[in-house]
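Structure below is final.pdb: PDB, C-alpha atoms.
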ATOM      1  CA  MET A   1      28.607  93.342 125.105
ATOM      2  CA  LYS A   2      25.362  95.266 124.669
ATOM      3  CA  PRO A   3      26.015  98.910 123.683
ATOM      4  CA  ARG A   4      25.001 101.537 126.212
ATOM      5  CA  HIS A   5      21.861 103.472 125.454
ATOM      6  CA  ASP A   6      22.574 107.023 124.323
ATOM      7  CA  PRO A   7      19.537 109.233 125.061
ATOM      8  CA  LEU A   8      21.014 112.028 122.944
ATOM      9  CA  ALA A   9      21.413 109.912 119.823
ATOM     10  CA  PRO A  10      17.945 110.571 118.369
ATOM     11  CA  ALA A  11      18.312 114.312 118.994
ATOM     12  CA  THR A  12      21.763 114.600 117.467
ATOM     13  CA  ARG A  13      20.619 112.683 114.391
ATOM     14  CA  ARG A  14      17.657 115.008 113.765
ATOM     15  CA  GLN A  15      18.686 117.608 111.226
ATOM     16  CA  PRO A  16      17.091 121.056 111.636
ATOM     17  CA  THR A  17      14.168 121.715 109.337
ATOM     18  CA  ALA A  18      14.003 124.738 107.045
ATOM     19  CA  GLN A  19      12.888 127.607 109.289
ATOM     20  CA  ARG A  20      13.383 131.315 109.864
ATOM     21  CA  GLN A  21      12.873 133.557 112.871
ATOM     22  CA  ALA A  22      13.276 137.234 113.609
ATOM     23  CA  GLN A  23      16.153 138.350 115.835
ATOM     24  CA  PRO A  24      16.974 137.412 118.566
ATOM     25  CA  GLY A  25      15.238 134.029 118.064
ATOM     26  CA  LYS A  26      13.264 131.889 120.478
ATOM     27  CA  GLU A  27      14.048 128.330 121.478
ATOM     28  CA  THR A  28      10.390 127.369 121.872
ATOM     29  CA  LYS A  29       9.810 128.024 118.165
ATOM     30  CA  MET A  30      12.697 125.852 116.906
ATOM     31  CA  ASN A  31      12.199 122.509 115.172
ATOM     32  CA  PRO A  32      13.631 120.391 116.610
ATOM     33  CA  GLU A  33      14.141 122.103 119.941
ATOM     34  CA  PRO A  34      17.757 122.132 121.118
ATOM     35  CA  VAL A  35      18.823 119.635 123.774
ATOM     36  CA  THR A  36      19.987 121.664 126.752
ATOM     37  CA  ASP A  37      20.102 118.926 129.400
ATOM     38  CA  ASP A  38      21.917 115.606 129.131
ATOM     39  CA  PRO A  39      20.364 113.145 131.621
ATOM     40  CA  ARG A  40      23.627 111.178 131.695
ATOM     41  CA  TYR A  41      25.493 114.095 133.312
ATOM     42  CA  LEU A  42      26.506 113.093 136.846
ATOM     43  CA  ALA A  43      27.263 116.065 139.086
ATOM     44  CA  SER A  44      29.707 115.991 141.997
ATOM     45  CA  GLY A  45      29.065 119.308 143.754
ATOM     46  CA  LYS A  46      31.934 121.154 142.051
ATOM     47  CA  LEU A  47      30.110 124.502 142.340
ATOM     48  CA  ARG A  48      28.258 123.900 145.600
ATOM     49  CA  ASP A  49      26.683 127.079 147.028
ATOM     50  CA  GLN A  50      28.385 129.342 144.510
ATOM     51  CA  ALA A  51      26.584 132.001 142.489
ATOM     52  CA  ALA A  52      26.878 132.577 138.750
ATOM     53  CA  ILE A  53      25.632 135.168 136.304
ATOM     54  CA  ILE A  54      25.181 134.115 132.666
ATOM     55  CA  SER A  55      24.419 136.487 129.817
ATOM     56  CA  GLY A  56      22.266 134.910 127.126
ATOM     57  CA  GLY A  57      21.175 132.430 129.784
ATOM     58  CA  ASP A  58      17.607 131.969 128.611
ATOM     59  CA  SER A  59      18.311 129.512 125.789
ATOM     60  CA  GLY A  60      20.911 127.597 123.832
ATOM     61  CA  ILE A  61      24.380 127.321 125.327
ATOM     62  CA  GLY A  62      23.525 129.725 128.155
ATOM     63  CA  ARG A  63      20.542 127.648 129.210
ATOM     64  CA  ALA A  64      22.562 124.429 129.079
ATOM     65  CA  VAL A  65      25.274 126.028 131.215
ATOM     66  CA  ALA A  66      22.705 127.284 133.736
ATOM     67  CA  ILE A  67      21.307 123.760 134.102
ATOM     68  CA  ALA A  68      24.755 122.181 134.432
ATOM     69  CA  PHE A  69      25.810 124.779 137.012
ATOM     70  CA  ALA A  70      22.626 124.114 138.994
ATOM     71  CA  LYS A  71      23.337 120.388 138.928
ATOM     72  CA  GLU A  72      26.759 121.171 140.381
ATOM     73  CA  GLY A  73      25.152 123.158 143.207
ATOM     74  CA  ALA A  74      25.236 126.782 142.031
ATOM     75  CA  ASP A  75      22.541 129.439 142.091
ATOM     76  CA  VAL A  76      22.220 131.180 138.737
ATOM     77  CA  ALA A  77      21.211 134.615 137.454
ATOM     78  CA  ILE A  78      20.348 134.659 133.754
ATOM     79  CA  ILE A  79      20.490 137.764 131.588
ATOM     80  CA  TYR A  80      18.303 137.842 128.493
ATOM     81  CA  LEU A  81      17.000 140.460 126.082
ATOM     82  CA  ASN A  82      13.255 139.837 125.698
ATOM     83  CA  GLU A  83      12.704 136.077 125.342
ATOM     84  CA  ASP A  84      10.469 135.770 128.416
ATOM     85  CA  LYS A  85       9.071 132.306 127.714
ATOM     86  CA  ASP A  86      12.517 130.827 127.153
ATOM     87  CA  ALA A  87      13.775 132.505 130.333
ATOM     88  CA  ASP A  88      10.852 131.121 132.346
ATOM     89  CA  ARG A  89      11.691 127.623 131.169
ATOM     90  CA  THR A  90      15.291 128.047 132.266
ATOM     91  CA  VAL A  91      14.170 129.256 135.679
ATOM     92  CA  ALA A  92      11.902 126.228 136.022
ATOM     93  CA  ALA A  93      14.706 123.856 135.036
ATOM     94  CA  VAL A  94      17.126 125.360 137.559
ATOM     95  CA  GLU A  95      14.571 125.446 140.361
ATOM     96  CA  GLU A  96      13.608 121.842 139.677
ATOM     97  CA  LEU A  97      17.206 121.003 140.561
ATOM     98  CA  GLY A  98      16.814 122.729 143.935
ATOM     99  CA  ARG A  99      18.731 125.901 143.147
ATOM    100  CA  ARG A 100      17.648 129.536 142.840
ATOM    101  CA  CYS A 101      17.412 131.290 139.479
ATOM    102  CA  LEU A 102      17.113 135.051 138.971
ATOM    103  CA  LYS A 103      15.800 136.534 135.712
ATOM    104  CA  LEU A 104      17.469 139.730 134.531
ATOM    105  CA  ARG A 105      15.753 141.211 131.465
ATOM    106  CA  GLY A 106      17.739 143.805 129.557
ATOM    107  CA  ASP A 107      20.459 144.697 127.075
ATOM    108  CA  VAL A 108      24.058 143.795 127.957
ATOM    109  CA  GLY A 109      25.151 146.501 125.519
ATOM    110  CA  SER A 110      24.240 148.994 128.243
ATOM    111  CA  GLU A 111      26.912 149.405 130.905
ATOM    112  CA  LYS A 112      24.326 150.711 133.378
ATOM    113  CA  PHE A 113      22.186 147.603 132.878
ATOM    114  CA  CYS A 114      25.192 145.336 133.516
ATOM    115  CA  GLN A 115      25.969 147.224 136.718
ATOM    116  CA  ASN A 116      22.367 146.847 137.893
ATOM    117  CA  ALA A 117      22.314 143.157 136.919
ATOM    118  CA  VAL A 118      25.335 142.487 139.121
ATOM    119  CA  LYS A 119      23.824 144.478 142.011
ATOM    120  CA  ARG A 120      20.575 142.490 141.796
ATOM    121  CA  THR A 121      22.492 139.229 141.695
ATOM    122  CA  LEU A 122      24.406 140.192 144.829
ATOM    123  CA  ARG A 123      21.197 141.196 146.613
ATOM    124  CA  GLU A 124      19.582 137.884 145.680
ATOM    125  CA  PHE A 125      22.472 135.506 146.335
ATOM    126  CA  GLY A 126      24.814 137.472 148.600
ATOM    127  CA  ARG A 127      27.848 136.591 146.502
ATOM    128  CA  LEU A 128      29.172 136.218 142.956
ATOM    129  CA  ASP A 129      31.707 133.581 141.972
ATOM    130  CA  ILE A 130      31.290 132.931 138.248
ATOM    131  CA  VAL A 131      30.667 135.228 135.288
ATOM    132  CA  VAL A 132      29.745 133.685 131.950
ATOM    133  CA  ASN A 133      29.743 136.105 129.024
ATOM    134  CA  ASN A 134      27.652 134.359 126.394
ATOM    135  CA  ALA A 135      25.107 136.738 124.830
ATOM    136  CA  ALA A 136      25.518 137.134 121.082
ATOM    137  CA  GLU A 137      23.999 138.370 117.862
ATOM    138  CA  GLN A 138      25.084 137.963 114.274
ATOM    139  CA  HIS A 139      24.067 139.167 110.836
ATOM    140  CA  VAL A 140      24.767 137.687 107.421
ATOM    141  CA  VAL A 141      26.237 139.945 104.743
ATOM    142  CA  GLN A 142      27.257 139.321 101.127
ATOM    143  CA  GLY A 143      30.479 141.269 101.615
ATOM    144  CA  ILE A 144      31.960 144.332 103.279
ATOM    145  CA  GLU A 145      29.901 146.599 101.004
ATOM    146  CA  ASP A 146      26.784 145.060 102.523
ATOM    147  CA  THR A 147      27.887 145.758 106.103
ATOM    148  CA  THR A 148      25.832 148.555 107.660
ATOM    149  CA  GLU A 149      26.934 150.905 110.404
ATOM    150  CA  ARG A 150      23.941 149.913 112.530
ATOM    151  CA  GLU A 151      24.546 146.161 112.320
ATOM    152  CA  LEU A 152      28.267 146.627 112.960
ATOM    153  CA  GLU A 153      27.621 148.720 116.050
ATOM    154  CA  ASP A 154      24.865 146.419 117.347
ATOM    155  CA  THR A 155      27.011 143.310 116.925
ATOM    156  CA  PHE A 156      29.996 144.796 118.714
ATOM    157  CA  ARG A 157      27.829 146.277 121.455
ATOM    158  CA  THR A 158      26.222 142.926 122.259
ATOM    159  CA  ASN A 159      29.117 140.572 121.570
ATOM    160  CA  PHE A 160      32.054 142.596 122.835
ATOM    161  CA  PHE A 161      31.018 145.705 124.773
ATOM    162  CA  GLY A 162      28.595 143.578 126.791
ATOM    163  CA  TYR A 163      31.383 141.198 127.793
ATOM    164  CA  VAL A 164      33.582 144.059 128.951
ATOM    165  CA  PHE A 165      30.713 145.777 130.795
ATOM    166  CA  LEU A 166      29.627 142.639 132.673
ATOM    167  CA  ALA A 167      33.155 141.637 133.652
ATOM    168  CA  LYS A 168      33.910 145.200 134.765
ATOM    169  CA  ALA A 169      30.737 145.382 136.882
ATOM    170  CA  ALA A 170      31.408 142.008 138.494
ATOM    171  CA  LEU A 171      35.115 142.434 139.183
ATOM    172  CA  PRO A 172      34.907 144.387 142.480
ATOM    173  CA  HIS A 173      32.829 141.543 143.926
ATOM    174  CA  LEU A 174      34.903 138.575 142.724
ATOM    175  CA  LYS A 175      37.291 136.918 145.156
ATOM    176  CA  SER A 176      40.288 134.673 144.648
ATOM    177  CA  GLY A 177      39.087 131.426 143.086
ATOM    178  CA  ALA A 178      36.401 133.127 141.009
ATOM    179  CA  ALA A 179      36.110 132.560 137.276
ATOM    180  CA  ILE A 180      35.174 134.560 134.193
ATOM    181  CA  ILE A 181      34.331 132.488 131.116
ATOM    182  CA  ASN A 182      33.854 134.100 127.713
ATOM    183  CA  THR A 183      32.187 132.503 124.704
ATOM    184  CA  THR A 184      34.285 133.091 121.623
ATOM    185  CA  SER A 185      33.840 130.958 118.469
ATOM    186  CA  VAL A 186      35.477 128.915 115.765
ATOM    187  CA  GLN A 187      34.816 132.092 113.745
ATOM    188  CA  ALA A 188      37.669 133.771 115.635
ATOM    189  CA  TYR A 189      40.049 131.263 114.040
ATOM    190  CA  LYS A 190      38.350 130.481 110.751
ATOM    191  CA  PRO A 191      36.140 133.476 109.877
ATOM    192  CA  LYS A 192      33.470 133.430 107.210
ATOM    193  CA  PRO A 193      33.285 136.608 105.099
ATOM    194  CA  THR A 194      29.494 136.431 105.340
ATOM    195  CA  LEU A 195      29.774 136.769 109.139
ATOM    196  CA  LEU A 196      32.333 139.568 109.038
ATOM    197  CA  ALA A 197      31.212 141.580 112.079
ATOM    198  CA  TYR A 198      30.396 138.513 114.191
ATOM    199  CA  ALA A 199      33.757 136.895 113.447
ATOM    200  CA  ALA A 200      35.557 140.143 114.276
ATOM    201  CA  THR A 201      33.833 140.345 117.674
ATOM    202  CA  LYS A 202      34.775 136.761 118.442
ATOM    203  CA  ALA A 203      38.417 137.504 117.627
ATOM    204  CA  ALA A 204      38.208 140.540 119.907
ATOM    205  CA  ILE A 205      36.820 138.326 122.678
ATOM    206  CA  LEU A 206      39.797 136.019 122.266
ATOM    207  CA  ASP A 207      42.309 138.802 122.926
ATOM    208  CA  PHE A 208      40.110 140.265 125.653
ATOM    209  CA  THR A 209      40.207 136.893 127.400
ATOM    210  CA  ARG A 210      43.989 136.665 127.233
ATOM    211  CA  ALA A 211      44.582 140.252 128.323
ATOM    212  CA  LEU A 212      42.109 140.081 131.211
ATOM    213  CA  ALA A 213      43.534 136.726 132.321
ATOM    214  CA  THR A 214      46.969 138.296 132.645
ATOM    215  CA  GLU A 215      45.575 141.274 134.555
ATOM    216  CA  LEU A 216      43.541 139.238 137.037
ATOM    217  CA  ALA A 217      45.935 136.339 137.620
ATOM    218  CA  PRO A 218      47.587 138.054 140.639
ATOM    219  CA  LYS A 219      44.138 138.298 142.220
ATOM    220  CA  GLY A 220      43.517 134.586 141.790
ATOM    221  CA  ILE A 221      40.654 135.161 139.334
ATOM    222  CA  ARG A 222      40.785 132.817 136.361
ATOM    223  CA  VAL A 223      39.707 134.061 132.919
ATOM    224  CA  ASN A 224      39.258 131.579 130.067
ATOM    225  CA  ALA A 225      37.044 130.981 127.056
ATOM    226  CA  VAL A 226      35.113 128.362 125.119
ATOM    227  CA  ALA A 227      35.102 128.375 121.316
ATOM    228  CA  PRO A 228      32.042 126.553 119.968
ATOM    229  CA  GLY A 229      31.686 125.370 116.411
ATOM    230  CA  PRO A 230      28.212 124.951 114.886
ATOM    231  CA  VAL A 231      25.663 124.656 117.703
ATOM    232  CA  TRP A 232      21.899 124.363 117.316
ATOM    233  CA  THR A 233      20.659 127.494 119.114
ATOM    234  CA  PRO A 234      18.077 130.240 118.389
ATOM    235  CA  LEU A 235      20.865 132.323 116.862
ATOM    236  CA  ILE A 236      20.846 130.044 113.804
ATOM    237  CA  PRO A 237      17.233 130.374 112.543
ATOM    238  CA  ALA A 238      17.380 134.061 113.519
ATOM    239  CA  THR A 239      20.390 134.588 111.247
ATOM    240  CA  PHE A 240      20.353 132.360 108.188
ATOM    241  CA  PRO A 241      17.875 131.776 105.366
ATOM    242  CA  ALA A 242      15.601 128.779 105.884
ATOM    243  CA  ALA A 243      17.381 126.670 103.258
ATOM    244  CA  LYS A 244      20.741 127.229 104.984
ATOM    245  CA  VAL A 245      19.261 126.301 108.348
ATOM    246  CA  ALA A 246      18.177 122.954 106.938
ATOM    247  CA  GLU A 247      21.829 122.235 106.054
ATOM    248  CA  PHE A 248      23.315 123.635 109.265
ATOM    249  CA  GLY A 249      26.200 121.606 110.666
ATOM    250  CA  LYS A 250      26.328 119.055 107.842
ATOM    251  CA  ASP A 251      29.711 120.340 106.679
ATOM    252  CA  SER A 252      31.435 119.549 109.997
ATOM    253  CA  PRO A 253      33.571 116.391 110.300
ATOM    254  CA  LEU A 254      30.870 114.833 112.487
ATOM    255  CA  GLY A 255      28.224 115.727 109.924
ATOM    256  CA  ARG A 256      25.999 117.551 112.370
ATOM    257  CA  ALA A 257      25.726 120.551 114.662
ATOM    258  CA  ALA A 258      26.303 120.213 118.398
ATOM    259  CA  GLN A 259      23.508 120.285 120.925
ATOM    260  CA  PRO A 260      23.943 122.956 123.637
ATOM    261  CA  CYS A 261      24.293 120.334 126.366
ATOM    262  CA  GLU A 262      27.456 119.096 124.640
ATOM    263  CA  LEU A 263      29.074 122.477 125.384
ATOM    264  CA  ALA A 264      28.066 122.777 129.040
ATOM    265  CA  PRO A 265      30.726 120.501 130.586
ATOM    266  CA  ALA A 266      33.485 122.743 129.206
ATOM    267  CA  TYR A 267      32.013 125.684 131.124
ATOM    268  CA  VAL A 268      31.714 123.592 134.293
ATOM    269  CA  PHE A 269      35.369 122.604 133.946
ATOM    270  CA  LEU A 270      36.501 126.226 133.612
ATOM    271  CA  ALA A 271      34.200 127.399 136.423
ATOM    272  CA  SER A 272      35.494 124.792 138.872
ATOM    273  CA  ALA A 273      38.586 125.802 140.813
ATOM    274  CA  LEU A 274      39.050 122.103 141.551
ATOM    275  CA  ASP A 275      39.388 121.269 137.864
ATOM    276  CA  SER A 276      41.041 124.332 136.349
ATOM    277  CA  SER A 277      42.956 126.070 139.134
ATOM    278  CA  TYR A 278      46.098 126.380 136.976
ATOM    279  CA  ILE A 279      44.428 127.354 133.726
ATOM    280  CA  ILE A 280      44.193 130.995 132.614
ATOM    281  CA  GLY A 281      43.924 132.722 129.264
ATOM    282  CA  GLN A 282      43.095 129.476 127.476
ATOM    283  CA  VAL A 283      40.369 128.416 125.051
ATOM    284  CA  ILE A 284      38.551 125.082 124.976
ATOM    285  CA  HIS A 285      37.550 124.278 121.412
ATOM    286  CA  VAL A 286      34.232 122.415 121.282
ATOM    287  CA  ASN A 287      33.751 122.451 117.523
ATOM    288  CA  GLY A 288      33.393 118.879 116.282
ATOM    289  CA  GLY A 289      36.663 119.257 114.363
ATOM    290  CA  LYS A 290      35.357 122.202 112.363
ATOM    291  CA  ALA A 291      38.563 124.226 112.705
ATOM    292  CA  MET A 292      40.613 121.366 111.262
ATOM    293  CA  MET A 293      38.954 121.685 107.868
ATOM    294  CA  SER A 294      40.627 123.824 105.208
TER     295      SER A 294
END
Could you rewrite the structure in this file as structure tokens?
Amino acid sequence: MKPRHDPLAPATRRQPTAQRQAQPGKETKMNPEPVTDDPRYLASGKLRDQAAIISGGDSGIGRAVAIAFAKEGADVAIIYLNEDKDADRTVAAVEELGRRCLKLRGDVGSEKFCQNAVKRTLREFGRLDIVVNNAAEQHVVQGIEDTTERELEDTFRTNFFGYVFLAKAALPHLKSGAAIINTTSVQAYKPKPTLLAYAATKAAILDFTRALATELAPKGIRVNAVAPGPVWTPLIPATFPAAKVAEFGKDSPLGRAAQPCELAPAYVFLASALDSSYIIGQVIHVNGGKAMMS
């Protein structure tokens, strides 16, 4: 029998080249560019006429999730810091699928911004059904002595405070059947000392997910998380030295990093009340077996 054609195969086989970007990183400058849309994905209207807000929705995992949600029939608001070109491309991709996409430029580390982002989303779409906390930053250190107060505060403000602020702002407008999905990481389970602050925030997100799931279960609002392993996103060239970027993902059991589109179905599953109506406080590990390695 002739093997089926895999349109992602060439992309997944292409190892990142040595490259470096300033924070927060831009997808349009990456080589190769991440794959955020899998043409094989067949939607079935699981999120028809729902509205979602996604932090870090301009690129990487957030962009892939926005596209997958749009395929499933949802309108999407994307929060991003300052990557305007990446955000415009996400808007175009969503609108090409016949859904609306709202750009929300700002810092999730500000509670006031998160409140305004939710208000604008409600004005635009008239409802809010899904919250995806995905924005992140990370910094490499040689050890705890190298950890600065500024980087520690910035990392927690983006990666953890922002998740709390966005969920808190959205909560009064979420009804039974709604979903909150947090992006944690394999780093929450297998932390690297060189990513001390980042790993700590991802562990905090894990407990935040479980605690909030317990709190909101009586309201019928499901809270879960996704824990990615190595994924080819702008965060990587914006964090690591060029030589490390060129080796990124090679140490995973699959010998490569994931493409963002390989993460998106997990978020669709957790967003869909049809698929995950009895799942709360859980984590889907999409890590290519990374956490299995000692």
If you apply the PyMOL selection byres ((chain A and resi 151-166) around 10) to this file, what residues do you get, as a PyMOL selection string?
-> chain A and resi 53-55+107-118+131-141+147-150+167-171+180-184+196-205+208-209+212
What is the atom CA of Ser277 of chain A to atom CA of Tyr189 of chain A distance in Å?
-> 25.8 Å
Can you list what the PyMOL selection byres ((chain A and resi 104) around 8) grabs from this structure, as a compact mmCIF listing (two decimals) with C-alpha atoms, in the coordinates of the input?
# COMPACT_ATOMS: atom_id res chain seq x y z
CA ALA A 77 21.21 134.62 137.45
CA ILE A 78 20.35 134.66 133.75
CA ILE A 79 20.49 137.76 131.59
CA TYR A 80 18.30 137.84 128.49
CA LEU A 102 17.11 135.05 138.97
CA LYS A 103 15.80 136.53 135.71
CA ARG A 105 15.75 141.21 131.46
CA GLY A 106 17.74 143.80 129.56
CA ALA A 117 22.31 143.16 136.92
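If only C-alpha atoms are the atoms counted, then among A:Ala243, A:Ala227, A:Val286, A:Ala264 the closest residue to Arg63 of chain A is A:Ala264.
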What is the distance between atom CA of Leu97 of chain A and atom CA of Ala70 of chain A, in Å to one decimal?
->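 Separating atom CA of Leu97 of chain A from atom CA of Ala70 of chain A is a distance of 6.4 Å.
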If we count all atoms listed in the file and set the cut-off at 6 Å, which residues sit around Ile130 of chain A, ignoring sequence neighbours fewer than 4 positions away in its own chain? Please answer as an mmCIF file with C-alpha atoms, in the frame of the given file.
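File written: result.cif
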data_model
loop_
_atom_site.group_PDB
_atom_site.id
_atom_site.type_symbol
_atom_site.label_atom_id
_atom_site.label_comp_id
_atom_site.auth_asym_id
_atom_site.auth_seq_id
_atom_site.Cartn_x
_atom_site.Cartn_y
_atom_site.Cartn_z
ATOM 1 C CA ALA A 52 26.878 132.577 138.750
ATOM 2 C CA ALA A 178 36.401 133.127 141.009
ATOM 3 C CA ALA A 179 36.110 132.560 137.276
ATOM 4 C CA ILE A 180 35.174 134.560 134.193
#
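Of the residues under consideration (A:Asp75, A:Glu145, A:Asp251, A:Glu95), A:Asp75 shows the shortest atom-to-atom contact distance to Ala51 of chain A when counting all atoms listed in the file.
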Which residue of A:Asp207, A:Glu124, A:Asp58, A:Glu262 approaches Glu27 of chain A most closely, using only C-alpha atoms =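 Ranking A:Asp207, A:Glu124, A:Asp58, A:Glu262 by distance to Glu27 of chain A, first place goes to A:Asp58.
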Taking the point (31.9, 125.2, 133.7) as given in the file, collect each protein or nucleic acid residue that comes within 10 Å of it, counting only C-alpha atoms, and present the set as a list in words.
->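 Residues satisfying the cut-off, written out: Lys46, Leu47, Val65, Ala66, Ala68, Phe69, Glu72, Ile130, Val132, Ala179, Ile180, Ile181, Val226, Leu263, Ala264, Pro265, Ala266, Tyr267, Val268, Phe269, Leu270, Ala271, Ser272, Ala273, Asp275 and Ser276 of chain A.
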Do you know which residues the PyMOL selection byres ((chain A and resi 241) around 12) returns on this file, as a PyMOL selection string?
-> chain A and resi 17-22+139-141+235-240+242-248
Centre and edges of the segment 127-143 of chain A box, axis-aligned, 6 Å extra per side, as AutoDock Vina command-line options:
--center_x 27.9 --center_y 137.1 --center_z 123.8 --size_x 19.7 --size_y 20.3 --size_z 57.4
